Amino acid sequence: MEPAEEFTKIESIFVRHRNALLVRGQFTPIYTDYYLHLMQHGLKPPGELDQMLKDMLAMLSLHVVARPWSETVAWTVNLRAPRVNLFATAGSTNEFVTGRVFTEDVREPNRNLFYSQTTAPELPEPKTSTLDVEGKDPIAWVTRYYEQSEQRPGRAFRLEDENFALIAAQPDCDLEWLESLDENAVAGITETEQTKVLETRRLRFHCGCDVQRILPALASYKDHLDDLFGGKQAITIQCPRCAAYYQVTRDMLA
């Protein structure tokens, strides 16, 4: 079991009389493990993309805690300029969030697109949604996502000291109050409003990939190793979820 300090604890708080759900967390533990992961695999996303992915990891973490425990959610954002894909996925049951930046072989869209896919054991098939987004700020993307795909107002906030918050409307929410909020009001909401902590979940930056999990994806090459390896005895494979690098040899597949 991982030490508790490597997890970010995320609170779900009901705001009485406003009928809103506040989800908040302090993300230094997740960011620390994210940077250790980058160092381990020799990865270094450009500064702007690095910050965008970190914001996306935080916002997706808050979103999955606002959703039922059984759901696993994946977000992909396809941007025109810079031409990149940002990917993140998270789930409460396995207490994980992970993600990566794609900068190579990225399709150029005619507009910025945000894709969401939700899976759960009780869902007969994944639930998907697509929306247009503007700019480069994941915080604004999440507010837009709640307007269109969650069919209820929600507002996302980046606070001080790597704290983030998401406030989602519940039935009979005080929408005028919700729209009036700013970062200072959200940071002090438990002092100015009547609130009740509903639950606390925890997440860590963790993918769970290893070379044994990647090998089945290459099984179709078992009888055509030269097509995969050429004249080499080993190739490098990158995890599509977290960008970790693994060496795969001919003997592993043979």
# chains A, B, ... in the order shown; residues from 1 in each chain; ligands from 1
call {"tool": "closest_atom_pairs", "arguments": {"of": "stretch 84-158 of chain A", "to": "stretch 53-65 of chain A", "cutoff": "8 Å", "atoms": "only C-alpha atoms", "output": "Markdown table"}}
result
| residue | atom | partner | partner_atom | distance |
| --- | --- | --- | --- | --- |
| A:Leu86 | CA | A:Leu53 | CA | 6.5 |
| A:Phe87 | CA | A:Leu53 | CA | 7.7 |
| A:Ala88 | CA | A:Leu57 | CA | 6.2 |
| A:Thr89 | CA | A:Leu60 | CA | 7.3 |
| A:Ala90 | CA | A:Ser61 | CA | 6.4 |
| A:Gly91 | CA | A:Val64 | CA | 6.3 |
| A:Ser92 | CA | A:Val64 | CA | 6.6 |
| A:Val97 | CA | A:Ser61 | CA | 6.7 |
| A:Thr98 | CA | A:Leu57 | CA | 7.0 |
| A:Gly99 | CA | A:Leu57 | CA | 7.0 |
| A:Arg100 | CA | A:Leu53 | CA | 7.1 |
| A:Val101 | CA | A:Leu53 | CA | 7.1 |
| A:Pro138 | CA | A:Met56 | CA | 5.7 |
| A:Ile139 | CA | A:Asp55 | CA | 7.2 |
| A:Val142 | CA | A:Met59 | CA | 7.3 |
| A:Ala156 | CA | A:Met59 | CA | 7.6 |
call {"tool": "write_last_selection", "arguments": {"atoms": "N, CA and C atoms", "output": "PDB file, in the first residue's frame"}}
result
ATOM      1  N   LEU A  86      -4.238  16.497 -25.289  1.00  0.00           N
ATOM      2  CA  LEU A  86      -4.074  16.310 -23.855  1.00  0.00           C
ATOM      3  C   LEU A  86      -5.020  15.200 -23.425  1.00  0.00           C
ATOM      4  N   PHE A  87      -4.504  14.226 -22.669  1.00  0.00           N
ATOM      5  CA  PHE A  87      -5.312  13.092 -22.253  1.00  0.00           C
ATOM      6  C   PHE A  87      -5.213  12.914 -20.743  1.00  0.00           C
ATOM      7  N   ALA A  88      -6.339  12.612 -20.101  1.00  0.00           N
ATOM      8  CA  ALA A  88      -6.345  12.292 -18.675  1.00  0.00           C
ATOM      9  C   ALA A  88      -7.465  11.300 -18.408  1.00  0.00           C
ATOM     10  N   THR A  89      -7.233  10.414 -17.460  1.00  0.00           N
ATOM     11  CA  THR A  89      -8.262   9.463 -17.046  1.00  0.00           C
ATOM     12  C   THR A  89      -8.163   9.263 -15.546  1.00  0.00           C
ATOM     13  N   ALA A  90      -9.311   8.976 -14.905  1.00  0.00           N
ATOM     14  CA  ALA A  90      -9.342   8.839 -13.454  1.00  0.00           C
ATOM     15  C   ALA A  90     -10.514   7.964 -13.041  1.00  0.00           C
ATOM     16  N   GLY A  91     -10.391   7.371 -11.862  1.00  0.00           N
ATOM     17  CA  GLY A  91     -11.476   6.571 -11.297  1.00  0.00           C
ATOM     18  C   GLY A  91     -11.355   6.514  -9.791  1.00  0.00           C
ATOM     19  N   SER A  92     -12.478   6.584  -9.090  1.00  0.00           N
ATOM     20  CA  SER A  92     -12.464   6.576  -7.629  1.00  0.00           C
ATOM     21  C   SER A  92     -12.236   5.186  -7.056  1.00  0.00           C
ATOM     22  N   VAL A  97      -5.450   8.756 -10.900  1.00  0.00           N
ATOM     23  CA  VAL A  97      -5.574   9.695 -12.010  1.00  0.00           C
ATOM     24  C   VAL A  97      -4.243   9.656 -12.751  1.00  0.00           C
ATOM     25  N   THR A  98      -4.292   9.682 -14.057  1.00  0.00           N
ATOM     26  CA  THR A  98      -3.077   9.700 -14.854  1.00  0.00           C
ATOM     27  C   THR A  98      -3.360  10.432 -16.153  1.00  0.00           C
ATOM     28  N   GLY A  99      -2.305  10.754 -16.888  1.00  0.00           N
ATOM     29  CA  GLY A  99      -2.499  11.452 -18.144  1.00  0.00           C
ATOM     30  C   GLY A  99      -1.181  11.729 -18.825  1.00  0.00           C
ATOM     31  N   ARG A 100      -1.277  12.303 -20.008  1.00  0.00           N
ATOM     32  CA  ARG A 100      -0.075  12.592 -20.786  1.00  0.00           C
ATOM     33  C   ARG A 100      -0.386  13.624 -21.860  1.00  0.00           C
ATOM     34  N   VAL A 101       0.680  14.096 -22.500  1.00  0.00           N
ATOM     35  CA  VAL A 101       0.596  15.034 -23.621  1.00  0.00           C
ATOM     36  C   VAL A 101       1.046  14.298 -24.883  1.00  0.00           C
ATOM     37  N   PRO A 138      -7.890  24.832 -19.077  1.00  0.00           N
ATOM     38  CA  PRO A 138      -8.752  23.712 -18.693  1.00  0.00           C
ATOM     39  C   PRO A 138      -9.843  24.093 -17.703  1.00  0.00           C
ATOM     40  N   ILE A 139      -9.617  25.122 -16.907  1.00  0.00           N
ATOM     41  CA  ILE A 139     -10.645  25.548 -15.966  1.00  0.00           C
ATOM     42  C   ILE A 139     -11.887  26.009 -16.722  1.00  0.00           C
ATOM     43  N   VAL A 142     -13.847  23.052 -18.313  1.00  0.00           N
ATOM     44  CA  VAL A 142     -14.703  22.277 -17.414  1.00  0.00           C
ATOM     45  C   VAL A 142     -16.028  22.985 -17.179  1.00  0.00           C
ATOM     46  N   ALA A 156     -15.580  25.912 -12.199  1.00  0.00           N
ATOM     47  CA  ALA A 156     -14.294  25.403 -11.745  1.00  0.00           C
ATOM     48  C   ALA A 156     -13.401  26.578 -11.353  1.00  0.00           C
TER      49      ALA A 156
END
call {"tool": "select_by_dssp", "arguments": {"residues": "stretch 22-207 of chain A", "states": "alpha helix (DSSP H)", "output": "compact mmCIF listing (two decimals) with N, CA and C atoms, in the first residue's frame"}}
result
# COMPACT_ATOMS: atom_id res chain seq x y z
N THR A 28 -0.78 19.03 -4.43
CA THR A 28 0.67 18.85 -4.39
C THR A 28 1.09 17.38 -4.40
N PRO A 29 0.43 16.48 -3.64
CA PRO A 29 0.85 15.07 -3.70
C PRO A 29 0.76 14.46 -5.09
N ILE A 30 -0.31 14.74 -5.81
CA ILE A 30 -0.46 14.21 -7.17
C ILE A 30 0.59 14.82 -8.09
N TYR A 31 0.83 16.11 -7.96
CA TYR A 31 1.83 16.77 -8.82
C TYR A 31 3.23 16.26 -8.53
N THR A 32 3.53 15.97 -7.26
CA THR A 32 4.85 15.44 -6.92
C THR A 32 5.08 14.10 -7.61
N ASP A 33 4.10 13.20 -7.54
CA ASP A 33 4.25 11.90 -8.19
C ASP A 33 4.27 12.03 -9.71
N TYR A 34 3.53 12.99 -10.23
CA TYR A 34 3.56 13.25 -11.68
C TYR A 34 4.98 13.62 -12.12
N TYR A 35 5.64 14.51 -11.38
CA TYR A 35 7.00 14.92 -11.77
C TYR A 35 8.01 13.80 -11.55
N LEU A 36 7.83 12.98 -10.52
CA LEU A 36 8.70 11.82 -10.35
C LEU A 36 8.54 10.87 -11.54
N HIS A 37 7.34 10.72 -12.02
CA HIS A 37 7.07 9.88 -13.20
C HIS A 37 7.78 10.44 -14.43
N LEU A 38 7.70 11.74 -14.64
CA LEU A 38 8.39 12.36 -15.77
C LEU A 38 9.89 12.13 -15.69
N MET A 39 10.47 12.31 -14.50
CA MET A 39 11.91 12.11 -14.33
C MET A 39 12.30 10.66 -14.60
N GLN A 40 11.51 9.72 -14.10
CA GLN A 40 11.82 8.30 -14.27
C GLN A 40 11.90 7.91 -15.73
N GLY A 47 6.63 23.80 -21.08
CA GLY A 47 6.05 24.41 -19.89
C GLY A 47 4.57 24.68 -19.97
N GLU A 48 4.11 25.27 -21.07
CA GLU A 48 2.69 25.60 -21.20
C GLU A 48 1.84 24.33 -21.20
N LEU A 49 2.28 23.31 -21.93
CA LEU A 49 1.52 22.06 -22.01
C LEU A 49 1.55 21.33 -20.68
N ASP A 50 2.67 21.40 -19.99
CA ASP A 50 2.80 20.79 -18.68
C ASP A 50 1.77 21.37 -17.71
N GLN A 51 1.64 22.68 -17.70
CA GLN A 51 0.68 23.32 -16.81
C GLN A 51 -0.76 22.98 -17.20
N MET A 52 -1.03 22.93 -18.49
CA MET A 52 -2.38 22.58 -18.94
C MET A 52 -2.75 21.17 -18.51
N LEU A 53 -1.80 20.24 -18.64
CA LEU A 53 -2.09 18.87 -18.23
C LEU A 53 -2.30 18.79 -16.72
N LYS A 54 -1.49 19.49 -15.95
CA LYS A 54 -1.67 19.49 -14.50
C LYS A 54 -3.05 20.01 -14.11
N ASP A 55 -3.47 21.10 -14.73
CA ASP A 55 -4.81 21.63 -14.46
C ASP A 55 -5.89 20.60 -14.83
N MET A 56 -5.68 19.92 -15.94
CA MET A 56 -6.64 18.93 -16.41
C MET A 56 -6.71 17.73 -15.45
N LEU A 57 -5.56 17.30 -14.93
CA LEU A 57 -5.54 16.22 -13.95
C LEU A 57 -6.33 16.61 -12.70
N ALA A 58 -6.15 17.86 -12.26
CA ALA A 58 -6.86 18.32 -11.07
C ALA A 58 -8.36 18.39 -11.31
N MET A 59 -8.76 18.95 -12.44
CA MET A 59 -10.18 19.11 -12.70
C MET A 59 -10.88 17.78 -12.92
N LEU A 60 -10.21 16.85 -13.60
CA LEU A 60 -10.81 15.53 -13.78
C LEU A 60 -10.94 14.80 -12.44
N SER A 61 -9.95 14.96 -11.57
CA SER A 61 -10.03 14.36 -10.24
C SER A 61 -11.26 14.86 -9.49
N LEU A 62 -11.49 16.16 -9.52
CA LEU A 62 -12.67 16.71 -8.85
C LEU A 62 -13.95 16.20 -9.49
N HIS A 63 -13.94 16.10 -10.81
CA HIS A 63 -15.15 15.64 -11.51
C HIS A 63 -15.50 14.20 -11.14
N VAL A 64 -14.52 13.29 -11.11
CA VAL A 64 -14.86 11.90 -10.79
C VAL A 64 -15.33 11.76 -9.35
N VAL A 65 -14.86 12.62 -8.46
CA VAL A 65 -15.34 12.57 -7.08
C VAL A 65 -16.77 13.11 -6.98
N ALA A 66 -17.14 13.99 -7.90
CA ALA A 66 -18.52 14.47 -7.94
C ALA A 66 -19.48 13.45 -8.57
N PRO A 138 -7.89 24.83 -19.08
CA PRO A 138 -8.75 23.71 -18.69
C PRO A 138 -9.84 24.09 -17.70
N ILE A 139 -9.62 25.12 -16.91
CA ILE A 139 -10.64 25.55 -15.97
C ILE A 139 -11.89 26.01 -16.72
N ALA A 140 -11.69 26.78 -17.78
CA ALA A 140 -12.82 27.24 -18.60
C ALA A 140 -13.45 26.07 -19.35
N TRP A 141 -12.65 25.12 -19.78
CA TRP A 141 -13.21 23.96 -20.48
C TRP A 141 -14.20 23.20 -19.59
N VAL A 142 -13.85 23.05 -18.31
CA VAL A 142 -14.70 22.28 -17.41
C VAL A 142 -16.03 22.98 -17.18
N THR A 143 -16.00 24.30 -17.02
CA THR A 143 -17.25 25.05 -16.88
C THR A 143 -18.12 24.86 -18.11
N ARG A 144 -17.52 24.91 -19.28
CA ARG A 144 -18.26 24.67 -20.53
C ARG A 144 -18.79 23.24 -20.58
N TYR A 145 -17.98 22.28 -20.15
CA TYR A 145 -18.40 20.88 -20.15
C TYR A 145 -19.65 20.68 -19.29
N TYR A 146 -19.67 21.30 -18.13
CA TYR A 146 -20.84 21.15 -17.25
C TYR A 146 -22.08 21.78 -17.87
N GLU A 147 -21.93 22.89 -18.52
CA GLU A 147 -23.07 23.54 -19.17
C GLU A 147 -23.69 22.64 -20.23
N GLN A 148 -22.85 21.99 -21.04
CA GLN A 148 -23.36 21.26 -22.19
C GLN A 148 -23.59 19.78 -21.91
N LEU A 175 -28.77 29.86 -8.35
CA LEU A 175 -27.91 30.09 -9.51
C LEU A 175 -27.31 31.49 -9.50
N GLU A 176 -28.03 32.46 -8.97
CA GLU A 176 -27.47 33.81 -8.89
C GLU A 176 -26.25 33.82 -7.98
N TRP A 177 -26.33 33.13 -6.87
CA TRP A 177 -25.18 33.00 -5.96
C TRP A 177 -24.04 32.27 -6.65
N LEU A 178 -24.36 31.19 -7.35
CA LEU A 178 -23.33 30.41 -8.04
C LEU A 178 -22.57 31.27 -9.04
N GLU A 179 -23.29 32.08 -9.81
CA GLU A 179 -22.65 32.91 -10.81
C GLU A 179 -21.84 34.05 -10.19
N SER A 180 -22.15 34.42 -8.97
CA SER A 180 -21.46 35.55 -8.34
C SER A 180 -20.12 35.16 -7.71
N GLU A 183 -12.76 33.50 -6.83
CA GLU A 183 -11.80 32.63 -6.14
C GLU A 183 -11.80 32.87 -4.63
N ASN A 184 -11.86 34.12 -4.20
CA ASN A 184 -11.84 34.41 -2.77
C ASN A 184 -13.07 33.85 -2.07
N ALA A 185 -14.23 34.00 -2.70
CA ALA A 185 -15.47 33.49 -2.10
C ALA A 185 -15.43 31.97 -1.99
N VAL A 186 -14.90 31.31 -3.01
CA VAL A 186 -14.84 29.85 -2.99
C VAL A 186 -13.86 29.36 -1.94
N ALA A 187 -12.72 30.04 -1.81
CA ALA A 187 -11.72 29.63 -0.83
C ALA A 187 -12.27 29.71 0.60
N ILE A 189 -15.58 29.48 1.51
CA ILE A 189 -17.00 29.12 1.51
C ILE A 189 -17.44 28.39 2.77
N THR A 190 -16.55 27.60 3.37
CA THR A 190 -16.95 26.88 4.57
C THR A 190 -17.02 27.80 5.79
N GLU A 191 -16.48 29.00 5.67
CA GLU A 191 -16.60 29.99 6.75
C GLU A 191 -17.81 30.90 6.57
N THR A 192 -18.26 31.06 5.35
CA THR A 192 -19.35 32.01 5.08
C THR A 192 -20.69 31.34 4.82
call {"tool": "closest_residue", "arguments": {"among": "A:Val84, A:Leu198, A:Val133, A:Val73", "to": "A:Val15", "atoms": "only C-alpha atoms"}}
result
A:Leu198
